[in-house]
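Participant: Mind looking over this structure? Questions follow.
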Amino acid sequence: RRTAAAGAALLAALAAGLGAREVLDRRAAGAGTPGAAAPAGPDARLIAVRYFDAGGDAALRPLADGLTEALAATLGRVPGLEVTSSGGTLPYRDTPVTNDSVARALGVGTLVTGRVEAEGAGQVRLTVTLRDASGAPFADSTVVRPAAALLQLREDAVEQAAALVRRRLGEAVSVRAALAGTADPQAWALVQQGLAAGKRAAALAAAGDEDGTAAADSAADRAFVAATARDPRWITPVLERARLAYQQSRRRGADAAYAAPHVARAVALAEAAVRVDSTSAAALGARGMARYWAWLLRVNAPDDAALDRTLRLAAADLETATRRDPSLADAWSSLSHYYISFRGKTDAKVAALRAYQADAYLTGADALLTRLYQTSYELAQFDDARRYCGELGRRYPASPRTGECRLWLLSTPDAPPPTPRQAWDAAAAWAAAAPPAQRD
């Protein structure tokens, strides 16, 4: 236990891969039948939904984000489509990056864009456009709905985009209603406001603005509380409060004193979400992640027996959650970390691969790719190790993890013998990328 707790930062860099080649090849060249020649460009079934444009209107930004994420989540459940998660497109929200550059960066063959605008007499206009990998538009659709009819606008956005995708692929694409859960449009709007505030908090935290982060966190939590007041039986705002508390608990890394109250609140809120819906895999996953983080930090438990119980409960939550819903990337990622110490590298690698397949753009994907590389290396699966190190370098070229894996790969027995200069250069590149406190 001491090793796992003291080495949390190191372990956060470790697991994953059988079948990884298929996943990365598909992202790089588009999905195709085994043995077939690679298509000229990305397959049209590889889709990304770029965050809809709110025209600089701050009041419409939460609505535009909510419509984007609802559409991406719904299309992601359609068999035969591979949809980039909203985490992959978030860096391009409200930026001048061109659509062809976004499609190229994400390796997709179809890009969905949209624009939300206020119309006269309390109306909202939504225009959804489909684009090919060059960014060129080839189909669009517009709906206008009363501003109060947010849930209808959300469902219309899904149906319109599905119709465009059907036209694009030339085959049936069936979608279900995106986000049932509440019949109260104001509750849904409040959740979108909370999510938007949560995004602001994450950006401000990354910029080191503690006061701004705290204000945005409070705004997010208030919005979720207000949504629950309008619809107490809707699990989403309770679950989002739990996720927000968990994110807060990790803002200072392994600072246990700072994290303890936040992680305790994350566990309590996740338990409240489970009480709202005991079948919810997402709620179990959130509770398992919070419990596992509490165990790693050795907080909120009076003795070793209580810590052992926390670990057992965390593992049970995570395994049940991923069994019920294999798309829970965050839960798979935590489970892969747990397996490193308690189930072995093969299980850790498989769990990390499941996380990467579910969401290649989840927060901490650089740590996930590092786990995939390291477990592959330690299992002597050197082709996989090189593949994951290459993907890490492509997506995170300035990360010290990239420099580390490139140095280690010089030592594989199937690689050409490196020269001393190559080794010193790789070590110097690793050191240069590391934070100043770690360079020595």
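Chain labels A, B, ... are given in the sequence in which chains occur in the structure tokens; within each chain residues are numbered consecutively from 1, and ligands are likewise numbered from 1 in the order shown.
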Could you pull the residues within 9 Å of Ala266 of chain A, counting only C-alpha atoms, minus those fewer than 3 positions along the same chain, as an NGL selection string?
Facilitator: :A and (241-247 or 249 or 261-263 or 269-271 or 286-287 or 290-291)
Participant: Using only C-alpha atoms, determine which residues lie at most 9 Å from Ala48 of chain A, disregarding the query and same-chain residues fewer than 6 positions distant; provide the list as a PyMOL selection string.
Facilitator: chain A and resi 72+82-86+88-89+102-103+106+108-113
Participant: Do you know which residues are at most 12 Å from Ala58 of chain A counting only C-alpha atoms, after dropping those on the same chain fewer than 3 positions away, and could you put them as an mmCIF file with N, CA and C atoms, in the first residue's frame?
Facilitator:
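Result saved to out-v1.cif:
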```
data_model
loop_
_atom_site.group_PDB
_atom_site.id
_atom_site.type_symbol
_atom_site.label_atom_id
_atom_site.label_comp_id
_atom_site.auth_asym_id
_atom_site.auth_seq_id
_atom_site.Cartn_x
_atom_site.Cartn_y
_atom_site.Cartn_z
ATOM 1 N N ASP A 53 -21.059 27.403 -33.065
ATOM 2 C CA ASP A 53 -20.734 28.827 -32.944
ATOM 3 C C ASP A 53 -21.917 29.554 -32.302
ATOM 4 N N ALA A 54 -21.631 30.335 -31.266
ATOM 5 C CA ALA A 54 -22.691 31.122 -30.619
ATOM 6 C C ALA A 54 -22.645 32.574 -31.067
ATOM 7 N N GLY A 55 -21.834 32.873 -32.083
ATOM 8 C CA GLY A 55 -21.778 34.233 -32.618
ATOM 9 C C GLY A 55 -21.302 35.265 -31.619
ATOM 10 N N ARG A 61 -23.886 30.769 -25.384
ATOM 11 C CA ARG A 61 -22.786 29.806 -25.355
ATOM 12 C C ARG A 61 -23.157 28.504 -24.631
ATOM 13 N N PRO A 62 -23.787 28.539 -23.436
ATOM 14 C CA PRO A 62 -24.151 27.262 -22.803
ATOM 15 C C PRO A 62 -25.108 26.435 -23.653
ATOM 16 N N LEU A 63 -26.056 27.095 -24.336
ATOM 17 C CA LEU A 63 -26.981 26.372 -25.203
ATOM 18 C C LEU A 63 -26.230 25.741 -26.369
ATOM 19 N N ALA A 64 -25.332 26.494 -26.996
ATOM 20 C CA ALA A 64 -24.571 25.959 -28.126
ATOM 21 C C ALA A 64 -23.733 24.761 -27.691
ATOM 22 N N ASP A 65 -23.099 24.857 -26.507
ATOM 23 C CA ASP A 65 -22.297 23.729 -26.008
ATOM 24 C C ASP A 65 -23.177 22.520 -25.721
ATOM 25 N N ASP A 94 -14.484 28.283 -30.285
ATOM 26 C CA ASP A 94 -14.260 29.735 -30.322
ATOM 27 C C ASP A 94 -12.825 30.088 -30.731
ATOM 28 N N VAL A 116 -25.690 28.825 -33.630
ATOM 29 C CA VAL A 116 -26.893 29.145 -32.865
ATOM 30 C C VAL A 116 -27.029 30.657 -32.836
ATOM 31 N N GLU A 117 -28.221 31.155 -33.220
ATOM 32 C CA GLU A 117 -28.440 32.598 -33.279
ATOM 33 C C GLU A 117 -29.803 32.939 -32.685
ATOM 34 N N ALA A 118 -29.867 34.107 -32.061
ATOM 35 C CA ALA A 118 -31.148 34.610 -31.574
ATOM 36 C C ALA A 118 -31.929 35.186 -32.745
ATOM 37 N N GLN A 193 -25.595 25.638 -18.233
ATOM 38 C CA GLN A 193 -24.872 26.759 -17.610
ATOM 39 C C GLN A 193 -23.819 26.247 -16.643
ATOM 40 N N ALA A 196 -20.902 24.876 -18.612
ATOM 41 C CA ALA A 196 -20.106 25.970 -19.182
ATOM 42 C C ALA A 196 -19.219 26.605 -18.103
ATOM 43 N N ALA A 197 -19.773 26.795 -16.901
ATOM 44 C CA ALA A 197 -18.970 27.349 -15.807
ATOM 45 C C ALA A 197 -17.856 26.385 -15.415
#
```
Participant: Would you mind listing what lies within 8 Å of Leu71 of chain A as a VMD selection string, with only C-alpha atoms counted and same-chain residues fewer than 6 positions away left out?
Facilitator: chain A and resid 49 157 to 158 161 178
Participant: In Å, how far is it from atom CA of Arg421 of chain A to atom CA of Pro400 of chain A?
Facilitator: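 Computing it gives 19.2 Å between the two atoms.
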